[in-house]
>>> print(open('protein-v7.txt').read())   # compact mmCIF, C-alpha atoms
# COMPACT_ATOMS: atom_id res chain seq x y z
CA ALA V 213 159.54 84.26 90.11
CA PRO V 214 163.32 84.75 90.29
CA LEU V 215 164.67 88.17 89.46
CA PRO V 216 166.14 88.38 85.95
CA PRO V 217 169.95 88.09 85.83
CA SER V 218 171.44 91.47 85.07
CA SER V 219 174.59 93.17 86.18
CA GLY V 220 172.66 96.43 86.25
CA ARG V 221 169.79 95.07 88.34
CA PRO V 222 169.44 96.75 91.76
CA ARG V 223 170.30 94.38 94.58
CA VAL V 224 169.62 94.10 98.29
CA ARG V 225 172.53 92.55 100.15
CA GLU V 226 172.32 90.57 103.40
CA GLU V 227 174.41 93.16 105.20
CA GLN V 228 171.66 95.68 104.51
CA ARG V 229 169.24 93.86 106.79
CA LEU V 230 168.14 96.09 109.64
CA PRO V 231 168.82 94.75 113.15
CA ARG V 232 166.02 93.12 115.10
CA ALA V 233 165.18 94.33 118.57
CA GLY V 234 167.90 93.26 120.98
CA GLU V 235 170.08 91.92 118.18
CA GLY V 236 173.74 92.82 117.90
CA VAL V 237 175.02 95.04 120.69
CA GLY V 238 176.13 98.32 119.18
CA ALA V 239 174.19 97.77 115.97
CA PRO V 240 173.61 101.09 114.20
CA PRO V 241 170.16 102.60 114.84
CA LEU V 242 167.78 103.48 112.04
CA PRO V 243 168.37 107.09 111.01
CA GLY V 244 165.32 109.18 111.78
CA GLY V 245 163.59 106.18 113.31
CA GLY V 246 161.45 105.95 116.37
CA GLY V 247 159.55 103.28 118.18
CA GLY V 248 156.15 104.94 118.13
CA GLY V 249 153.62 104.90 115.32
CA GLY V 250 151.07 107.32 114.05
CA ALA V 251 153.37 110.34 113.89
CA PRO V 252 153.28 112.41 110.71
CA GLY V 253 155.59 110.82 108.17
CA GLY V 254 155.99 107.80 110.43
CA GLY V 255 154.61 105.30 107.94
CA PRO V 256 151.53 103.08 108.02
CA PRO V 257 149.91 101.74 111.20
CA PRO V 258 150.84 98.27 112.45
CA PRO V 259 149.22 95.37 110.63
CA PRO V 260 145.78 94.33 111.88
CA VAL V 261 145.36 91.22 113.98
CA GLY V 262 145.53 88.12 111.82
CA CYS V 263 147.72 89.72 109.14
CA THR V 264 151.18 88.36 109.89
CA PRO V 265 154.24 90.01 108.29
CA VAL V 266 156.90 87.79 106.73
CA VAL V 267 159.57 90.17 105.41
CA ALA V 268 159.87 93.88 104.61
CA LEU V 269 161.91 96.24 102.48
CA VAL V 270 162.16 99.89 103.53
CA ASP V 271 163.71 103.13 102.40
CA GLY V 272 167.33 102.91 103.56
CA ALA V 273 167.81 106.67 103.71
CA ARG V 274 164.53 107.49 105.48
CA PRO V 275 163.21 104.33 107.18
CA PRO V 276 159.61 104.73 108.37
CA ALA V 277 158.90 104.22 112.05
CA VAL V 278 157.01 101.01 111.30
CA ALA V 279 160.34 99.44 110.32
CA LEU V 280 161.34 99.18 113.97
CA ARG V 281 158.17 97.34 114.89
CA LEU V 282 158.51 94.98 111.95
CA ALA V 283 162.18 94.37 112.75
CA ALA V 284 161.19 93.01 116.15
CA THR V 285 159.75 89.90 114.53
CA VAL V 286 160.78 89.58 110.87
CA PRO V 287 163.75 90.39 108.62
CA VAL V 288 163.65 93.99 107.40
CA TYR V 289 165.92 95.02 104.55
CA SER V 290 166.81 98.52 103.43
CA GLY V 291 167.08 99.56 99.82
CA GLY V 292 167.24 102.64 97.65
CA ASP V 293 164.55 104.00 95.36
CA ASP V 294 165.60 101.82 92.42
CA VAL V 295 165.38 98.64 94.50
CA ARG V 296 161.94 99.36 95.92
CA ALA V 297 160.51 100.46 92.56
CA PHE V 298 161.94 97.31 90.95
CA VAL V 299 160.42 94.99 93.56
CA THR V 300 156.85 96.30 93.22
CA LYS V 301 156.94 97.09 89.49
CA LEU V 302 154.75 100.11 90.27
CA GLY V 303 157.30 102.65 89.10
CA VAL V 304 156.97 104.47 92.43
CA PRO V 305 159.42 103.71 95.27
CA ASN V 306 157.10 103.21 98.27
CA SER V 307 158.77 103.86 101.62
CA VAL V 308 157.92 100.35 102.82
CA VAL V 309 157.14 97.16 100.92
CA ALA V 310 156.19 94.04 102.85
CA ILE V 311 155.00 90.49 102.36
CA PHE V 312 152.28 89.24 104.72
CA GLU V 313 150.57 85.96 105.28
CA ARG V 314 147.04 86.21 103.94
CA PRO V 315 144.61 86.66 106.87
CA PRO V 316 141.97 83.95 107.21
CA ARG V 317 138.67 84.58 105.43
CA SER V 318 135.43 84.54 107.41
CA THR V 319 132.44 82.40 106.45
CA VAL V 320 128.87 83.24 105.56
CA GLU V 321 127.71 81.27 108.59
CA HIS V 322 129.94 83.24 110.96
CA LEU V 323 128.93 86.62 109.55
CA ALA V 324 125.25 85.64 109.67
CA SER V 325 125.56 84.76 113.35
CA THR V 326 127.59 87.79 114.46
CA ALA V 327 126.73 90.75 112.21
CA ARG V 328 123.78 93.11 111.95
CA ARG V 329 124.75 94.98 108.78
CA LEU V 330 126.13 93.11 105.74
CA VAL V 331 126.81 93.97 102.11
CA LEU V 332 126.34 91.15 99.59
CA VAL V 333 127.63 91.61 96.03
CA GLU V 334 127.11 89.48 92.93
CA ALA V 335 129.39 89.50 89.86
CA VAL V 336 131.20 92.72 90.85
CA ASP V 337 134.46 91.77 89.14
CA ASN V 338 136.17 95.17 89.17
CA PRO V 339 138.62 95.23 92.11
CA ALA V 340 138.41 99.03 92.31
CA ASN V 341 134.67 98.79 92.90
CA ILE V 342 135.17 96.09 95.53
CA GLY V 343 137.76 98.25 97.30
CA ALA V 344 135.42 101.25 97.29
CA ILE V 345 132.55 99.11 98.60
CA VAL V 346 134.78 97.89 101.45
CA ARG V 347 135.75 101.46 102.32
CA ASN V 348 132.12 102.60 102.25
CA ALA V 349 130.96 99.74 104.45
CA ALA V 350 133.79 100.12 106.95
CA GLY V 351 133.44 103.89 107.11
CA LEU V 352 129.70 103.77 107.74
CA GLY V 353 129.82 101.16 110.47
CA TRP V 354 128.77 98.01 108.60
CA ASP V 355 129.95 94.66 109.86
CA GLY V 356 131.05 92.66 106.85
CA LEU V 357 131.02 91.87 103.16
CA ILE V 358 129.96 88.75 101.27
CA VAL V 359 131.20 88.34 97.70
CA ASP V 360 130.02 85.69 95.27
CA ALA V 361 132.32 83.35 93.34
CA THR V 362 132.55 85.72 90.35
CA SER V 363 133.35 88.93 92.26
CA ALA V 364 136.84 90.34 92.66
CA ASP V 365 138.97 89.46 95.68
CA PRO V 366 138.79 92.12 98.45
CA LEU V 367 142.47 91.35 99.16
CA ALA V 368 143.63 91.84 95.57
CA ARG V 369 146.23 94.59 95.31
CA ARG V 370 143.94 97.15 93.69
CA SER V 371 141.06 96.34 96.03
CA LEU V 372 143.33 96.82 99.01
CA ARG V 373 144.67 100.08 97.66
CA VAL V 374 141.22 101.57 96.94
CA SER V 375 139.91 100.38 100.30
CA MET V 376 142.80 102.21 102.00
CA GLY V 377 143.69 98.93 103.70
CA HIS V 378 140.26 98.45 105.27
CA ALA V 379 139.85 95.16 103.39
CA LEU V 380 142.31 93.76 105.95
CA VAL V 381 139.97 94.78 108.77
CA LEU V 382 136.41 94.43 107.45
CA PRO V 383 135.49 90.72 107.62
CA HIS V 384 134.53 89.18 104.31
CA ALA V 385 133.32 85.80 103.12
CA ARG V 386 132.89 84.21 99.71
CA ALA V 387 129.62 82.55 98.74
CA ALA V 388 129.24 79.85 96.10
CA ASP V 389 125.52 80.49 95.53
CA THR V 390 124.19 84.03 96.00
CA ALA V 391 120.49 83.12 96.09
CA ALA V 392 121.13 80.36 98.62
CA THR V 393 123.09 82.86 100.71
CA VAL V 394 120.12 85.25 100.65
CA HIS V 395 117.88 82.44 101.95
CA HIS V 396 120.44 81.63 104.66
CA LEU V 397 120.56 85.26 105.78
CA ARG V 398 116.77 85.46 105.90
CA ASP V 399 116.67 82.30 107.99
CA ALA V 400 119.19 83.97 110.33
CA GLY V 401 116.79 86.89 110.89
CA PHE V 402 118.07 89.35 108.27
CA THR V 403 115.92 91.55 106.12
CA VAL V 404 117.57 91.29 102.69
CA ALA V 405 117.19 94.36 100.45
CA ALA V 406 118.09 93.94 96.78
CA LEU V 407 119.02 97.19 95.04
CA THR V 408 117.60 97.49 91.54
CA PRO V 409 116.79 100.36 89.15
CA ALA V 410 113.35 98.79 88.44
CA ALA V 411 110.60 101.40 88.47
CA ASP V 412 108.31 99.27 90.62
CA ALA V 413 110.88 98.84 93.40
CA LEU V 414 110.42 100.55 96.77
CA ASP V 415 111.94 104.02 97.06
CA LEU V 416 114.96 103.94 99.38
CA ALA V 417 113.54 106.83 101.39
CA ASP V 418 110.45 104.73 102.15
CA ALA V 419 112.30 101.54 103.02
CA PRO V 420 112.21 100.28 106.61
CA VAL V 421 115.34 100.28 108.75
CA PRO V 422 115.40 96.80 110.31
CA ASP V 423 117.61 95.67 113.15
CA LYS V 424 119.43 93.13 110.96
CA LEU V 425 119.91 94.03 107.32
CA ALA V 426 121.83 92.74 104.31
CA VAL V 427 121.89 94.84 101.16
CA CYS V 428 122.53 93.11 97.81
CA LEU V 429 124.08 94.76 94.78
CA GLY V 430 124.91 93.38 91.35
CA ALA V 431 127.26 94.17 88.51
CA GLU V 432 126.61 97.43 86.68
CA ARG V 433 126.20 95.60 83.37
CA VAL V 434 123.26 93.34 84.30
CA GLY V 435 122.42 94.01 87.94
CA LEU V 436 121.33 91.26 90.29
CA GLY V 437 120.17 87.93 88.93
CA ASP V 438 116.51 87.00 88.97
CA ALA V 439 117.07 84.31 91.62
CA VAL V 440 118.49 86.89 94.05
CA LEU V 441 115.75 89.44 93.34
CA GLU V 442 113.12 86.78 93.99
CA ALA V 443 114.80 85.54 97.16
CA ALA V 444 115.21 89.02 98.72
CA THR V 445 112.81 90.40 101.30
CA LEU V 446 112.61 93.79 99.56
CA ARG V 447 113.47 95.26 96.18
CA VAL V 448 114.68 98.84 96.65
CA ARG V 449 115.72 101.58 94.25
CA VAL V 450 117.67 104.82 94.55
CA PRO V 451 115.51 107.46 92.81
CA MET V 452 117.27 108.84 89.73
CA SER V 453 116.78 111.91 87.56
CA ALA V 454 115.10 111.44 84.23
CA GLY V 455 117.37 109.92 81.62
CA VAL V 456 119.81 108.40 84.15
CA ASP V 457 119.37 104.68 84.69
CA SER V 458 121.56 103.97 87.70
CA LEU V 459 124.69 104.78 89.70
CA ASN V 460 128.07 103.14 89.83
CA VAL V 461 127.82 100.14 92.17
CA ALA V 462 130.27 101.66 94.66
CA ALA V 463 128.32 104.94 94.74
CA ALA V 464 125.05 103.04 95.20
CA THR V 465 126.62 101.11 98.06
CA ALA V 466 127.66 104.33 99.78
CA ILE V 467 124.11 105.72 99.58
CA ALA V 468 122.57 102.48 100.86
CA CYS V 469 125.11 102.11 103.68
CA TRP V 470 124.38 105.67 104.79
CA ALA V 471 120.60 105.32 104.57
CA TRP V 472 120.68 102.05 106.52
CA ARG V 473 123.66 102.86 108.76
CA PRO V 474 123.57 101.50 112.32
CA GLY V 475 121.33 103.73 114.41
CA ALA V 476 119.58 105.27 111.38
CA ALA V 477 116.16 104.26 112.69
CA ALA V 478 116.69 106.42 115.78
CA ASP V 479 117.86 109.50 113.84
>>> encode(input="protein-v7.txt", output="structure tokens")
Amino acid sequence: APLPPSSGRPRVREEQRLPRAGEGVGAPPLPGGGGGGGAPGGGPPPPPVGCTPVVALVDGARPPAVALRLAATVPVYSGGDDVRAFVTKLGVPNSVVAIFERPPRSTVEHLASTARRLVLVEAVDNPANIGAIVRNAAGLGWDGLIVDATSADPLARRSLRVSMGHALVLPHARAADTAATVHHLRDAGFTVAALTPAADALDLADAPVPDKLAVCLGAERVGLGDAVLEAATLRVRVPMSAGVDSLNVAAATAIACWAWRPGAAAD
């Protein structure tokens, strides 16, 4: 949407664009800049493969080091705190704001043929939970995430933020039919474990650690649907203290991803 007309609105002028690599002999360097990444205070790491930057806006007084790398391929503009806070509407002037092309989404078929550890979620519509699930899975060595049609987008702003950016790296796919996806994974050689608070479910500590595993989790309100529970290979529960029904779905994911982490059977 166009910015609202206002004489008091902060503006970014064309002459504030930072020079691209090799552009304009004698162009002023970025103050405090540097070509390398990863240094303290040097800004975020370069974008992952498949996430293509389009344009960026950086702190004009203290440009992060990533600005030089971005400026090699895309326009990078500098702006003060008011400009950067206005652009994001977050109220906080981030040191770098960028627009990227959305990376391509994987498919259930591709993940089923290449992964050994997958998380499958149904009706998890809170983007904060999805972001935490992504971070748990990525941190514990899992290979991918499958979300159903009613779950939040792993690349939504809040999901990305909670995942600490790992949603750009952990492959994810979207499934139209969760129960059909469970059957597809089983046909591909996966053991599919459905987490449920049901008292007659197998205790997580007693569950096998198969070579290929997909763990299914549902929304905290209603859990997994009956079709998914029936289609799964195993129904598994995390033992709870008396009077406590279940855990937050992100916390349950972390426990399951740790218990069934790659190499757990050899530990």
>>> residues_around(input="protein-v7.txt", residues="region 428-445 of chain V", least_positions_apart="5", cutoff="7 Å", atoms="all atoms listed in the file", output="list in words")
Val331, Leu332, Val333, Glu334, Ala335, Val336, Thr390, Ala391, Val394, His395, Thr403, Val404, Ala405, Ala406, Leu407, Thr408, Asn460 and Val461 of chain V
>>> closest_residue(input="protein-v7.txt", among="V:Leu302, V:Val427, V:Leu282, V:Ala340", to="Leu357 (chain V)", atoms="all atoms listed in the file")
V:Val427
>>> residues_around(input="protein-v7.txt", residues="His378 (chain V)", least_positions_apart="5", cutoff="8 Å", atoms="all atoms listed in the file", output="ChimeraX atom specification")
/V:346-347,350,372
>>> atom_distance(input="protein-v7.txt", atom1="CA of Ala466 (chain V)", atom2="CA of Ala344 (chain V)")
8.7 Å
>>> atom_distance(input="protein-v7.txt", atom1="CA of Pro287 (chain V)", atom2="CA of Val267 (chain V)")
5.3 Å
>>> closest_residue(input="protein-v7.txt", among="V:Asn341, V:Thr465, V:Thr326, V:Ser290", to="Asn306 (chain V)", atoms="all atoms listed in the file")
V:Ser290
>>> closest_residue(input="protein-v7.txt", among="V:Ala279, V:Arg369, V:Leu352, V:Pro265", to="Thr300 (chain V)", atoms="all atoms listed in the file")
V:Arg369
>>> residues_around(input="protein-v7.txt", residues="Val304 (chain V)", least_positions_apart="4", cutoff="12 Å", atoms="only C-alpha atoms", output="PDB file with C-alpha atoms, in the coordinates of the input")
ATOM      1  CA  GLY V 292     167.240 102.640  97.650  1.00  0.00           C
ATOM      2  CA  ASP V 293     164.550 104.000  95.360  1.00  0.00           C
ATOM      3  CA  ASP V 294     165.600 101.820  92.420  1.00  0.00           C
ATOM      4  CA  VAL V 295     165.380  98.640  94.500  1.00  0.00           C
ATOM      5  CA  ARG V 296     161.940  99.360  95.920  1.00  0.00           C
ATOM      6  CA  ALA V 297     160.510 100.460  92.560  1.00  0.00           C
ATOM      7  CA  PHE V 298     161.940  97.310  90.950  1.00  0.00           C
ATOM      8  CA  VAL V 299     160.420  94.990  93.560  1.00  0.00           C
ATOM      9  CA  THR V 300     156.850  96.300  93.220  1.00  0.00           C
ATOM     10  CA  VAL V 308     157.920 100.350 102.820  1.00  0.00           C
ATOM     11  CA  VAL V 309     157.140  97.160 100.920  1.00  0.00           C
TER      12      VAL V 309
END
>>> atom_distance(input="protein-v7.txt", atom1="CA of Thr393 (chain V)", atom2="CA of Ala462 (chain V)")
21.0 Å
>>> closest_residue(input="protein-v7.txt", among="V:Ala464, V:Lys424, V:Ala368, V:Ser375", to="Trp354 (chain V)", atoms="all atoms listed in the file")
V:Lys424
>>> closest_residue(input="protein-v7.txt", among="V:Pro339, V:Pro409, V:Asn348, V:Arg447", to="Ser371 (chain V)", atoms="only C-alpha atoms")
V:Pro339
>>> axis_aligned_box(input="protein-v7.txt", around="region 325-341 of chain V", padding_each_side="8 Å", output="AutoDock Vina command-line options")
--center_x 131.2 --center_y 91.9 --center_z 101.8 --size_x 30.8 --size_y 30.3 --size_z 41.3
>>> residues_around(input="protein-v7.txt", residues="His384 (chain V)", least_positions_apart="3", cutoff="12 Å", atoms="all atoms listed in the file", output="PDB file with C-alpha atoms, keeping the file's coordinate frame")
ATOM      1  CA  PRO V 315     144.610  86.660 106.870  1.00  0.00           C
ATOM      2  CA  PRO V 316     141.970  83.950 107.210  1.00  0.00           C
ATOM      3  CA  ARG V 317     138.670  84.580 105.430  1.00  0.00           C
ATOM      4  CA  SER V 318     135.430  84.540 107.410  1.00  0.00           C
ATOM      5  CA  THR V 319     132.440  82.400 106.450  1.00  0.00           C
ATOM      6  CA  VAL V 320     128.870  83.240 105.560  1.00  0.00           C
ATOM      7  CA  GLU V 321     127.710  81.270 108.590  1.00  0.00           C
ATOM      8  CA  HIS V 322     129.940  83.240 110.960  1.00  0.00           C
ATOM      9  CA  LEU V 323     128.930  86.620 109.550  1.00  0.00           C
ATOM     10  CA  ALA V 324     125.250  85.640 109.670  1.00  0.00           C
ATOM     11  CA  ALA V 327     126.730  90.750 112.210  1.00  0.00           C
ATOM     12  CA  LEU V 330     126.130  93.110 105.740  1.00  0.00           C
ATOM     13  CA  VAL V 331     126.810  93.970 102.110  1.00  0.00           C
ATOM     14  CA  LEU V 332     126.340  91.150  99.590  1.00  0.00           C
ATOM     15  CA  VAL V 333     127.630  91.610  96.030  1.00  0.00           C
ATOM     16  CA  ILE V 342     135.170  96.090  95.530  1.00  0.00           C
ATOM     17  CA  GLY V 343     137.760  98.250  97.300  1.00  0.00           C
ATOM     18  CA  ILE V 345     132.550  99.110  98.600  1.00  0.00           C
ATOM     19  CA  VAL V 346     134.780  97.890 101.450  1.00  0.00           C
ATOM     20  CA  ALA V 349     130.960  99.740 104.450  1.00  0.00           C
ATOM     21  CA  ALA V 350     133.790 100.120 106.950  1.00  0.00           C
ATOM     22  CA  TRP V 354     128.770  98.010 108.600  1.00  0.00           C
ATOM     23  CA  ASP V 355     129.950  94.660 109.860  1.00  0.00           C
ATOM     24  CA  GLY V 356     131.050  92.660 106.850  1.00  0.00           C
ATOM     25  CA  LEU V 357     131.020  91.870 103.160  1.00  0.00           C
ATOM     26  CA  ILE V 358     129.960  88.750 101.270  1.00  0.00           C
ATOM     27  CA  VAL V 359     131.200  88.340  97.700  1.00  0.00           C
ATOM     28  CA  ASP V 360     130.020  85.690  95.270  1.00  0.00           C
ATOM     29  CA  ALA V 364     136.840  90.340  92.660  1.00  0.00           C
ATOM     30  CA  ASP V 365     138.970  89.460  95.680  1.00  0.00           C
ATOM     31  CA  PRO V 366     138.790  92.120  98.450  1.00  0.00           C
ATOM     32  CA  LEU V 367     142.470  91.350  99.160  1.00  0.00           C
ATOM     33  CA  HIS V 378     140.260  98.450 105.270  1.00  0.00           C
ATOM     34  CA  ALA V 379     139.850  95.160 103.390  1.00  0.00           C
ATOM     35  CA  LEU V 380     142.310  93.760 105.950  1.00  0.00           C
ATOM     36  CA  VAL V 381     139.970  94.780 108.770  1.00  0.00           C
ATOM     37  CA  ALA V 387     129.620  82.550  98.740  1.00  0.00           C
TER      38      ALA V 387
END
>>> closest_residue(input="protein-v7.txt", among="V:Cys263, V:Ala283, V:Ala419, V:Ala268", to="Arg314 (chain V)", atoms="only C-alpha atoms")
V:Cys263
>>> decode(input="protein-v7.txt", residues="region 453-464 of chain V", atoms="all heavy atoms", output="compact mmCIF listing (two decimals), in the first residue's frame")
# COMPACT_ATOMS: atom_id res chain seq x y z
N SER V 453 1.97 -35.19 35.38
CA SER V 453 1.61 -35.25 36.79
C SER V 453 0.10 -35.21 36.95
O SER V 453 -0.62 -34.70 36.07
CB SER V 453 2.24 -34.08 37.56
OG SER V 453 3.64 -34.13 37.51
N ALA V 454 -0.37 -35.71 38.04
CA ALA V 454 -1.81 -35.74 38.31
C ALA V 454 -2.39 -34.34 38.26
O ALA V 454 -1.82 -33.39 38.81
CB ALA V 454 -2.07 -36.38 39.67
N GLY V 455 -3.52 -34.23 37.57
CA GLY V 455 -4.20 -32.94 37.49
C GLY V 455 -3.78 -32.07 36.33
O GLY V 455 -4.37 -31.01 36.10
N VAL V 456 -2.74 -32.50 35.59
CA VAL V 456 -2.28 -31.74 34.41
C VAL V 456 -2.56 -32.58 33.18
O VAL V 456 -2.08 -33.71 33.06
CB VAL V 456 -0.78 -31.41 34.50
CG1 VAL V 456 -0.35 -30.60 33.29
CG2 VAL V 456 -0.48 -30.64 35.78
N ASP V 457 -3.34 -32.04 32.27
CA ASP V 457 -3.78 -32.82 31.11
C ASP V 457 -2.70 -32.97 30.06
O ASP V 457 -2.45 -34.06 29.56
CB ASP V 457 -5.02 -32.16 30.49
CG ASP V 457 -5.46 -32.86 29.22
OD1 ASP V 457 -5.94 -33.98 29.32
OD2 ASP V 457 -5.30 -32.27 28.13
N SER V 458 -2.05 -31.86 29.71
CA SER V 458 -1.11 -31.91 28.59
C SER V 458 -0.19 -30.70 28.63
O SER V 458 -0.35 -29.79 29.46
CB SER V 458 -1.86 -31.94 27.25
OG SER V 458 -2.64 -30.76 27.09
N LEU V 459 0.75 -30.67 27.69
CA LEU V 459 1.70 -29.57 27.55
C LEU V 459 1.32 -28.70 26.36
O LEU V 459 0.56 -29.12 25.48
CB LEU V 459 3.11 -30.11 27.33
CG LEU V 459 3.73 -30.93 28.45
CD1 LEU V 459 5.03 -31.56 27.97
CD2 LEU V 459 3.98 -30.06 29.68
N ASN V 460 1.86 -27.51 26.33
CA ASN V 460 1.78 -26.68 25.13
C ASN V 460 2.36 -27.47 23.96
O ASN V 460 3.32 -28.23 24.11
CB ASN V 460 2.57 -25.39 25.37
CG ASN V 460 2.88 -24.63 24.10
OD1 ASN V 460 3.89 -24.89 23.46
ND2 ASN V 460 2.02 -23.71 23.73
N VAL V 461 1.78 -27.29 22.77
CA VAL V 461 2.18 -28.11 21.62
C VAL V 461 3.65 -27.91 21.27
O VAL V 461 4.33 -28.86 20.85
CB VAL V 461 1.27 -27.82 20.41
CG1 VAL V 461 1.42 -26.39 19.92
CG2 VAL V 461 1.53 -28.80 19.28
N ALA V 462 4.18 -26.71 21.45
CA ALA V 462 5.59 -26.48 21.15
C ALA V 462 6.48 -27.21 22.18
O ALA V 462 7.51 -27.79 21.82
CB ALA V 462 5.90 -24.99 21.14
N ALA V 463 6.07 -27.19 23.45
CA ALA V 463 6.84 -27.89 24.48
C ALA V 463 6.80 -29.40 24.23
O ALA V 463 7.81 -30.10 24.37
CB ALA V 463 6.29 -27.56 25.86
N ALA V 464 5.62 -29.91 23.86
CA ALA V 464 5.51 -31.34 23.57
C ALA V 464 6.38 -31.73 22.39
O ALA V 464 7.00 -32.80 22.37
CB ALA V 464 4.05 -31.70 23.30
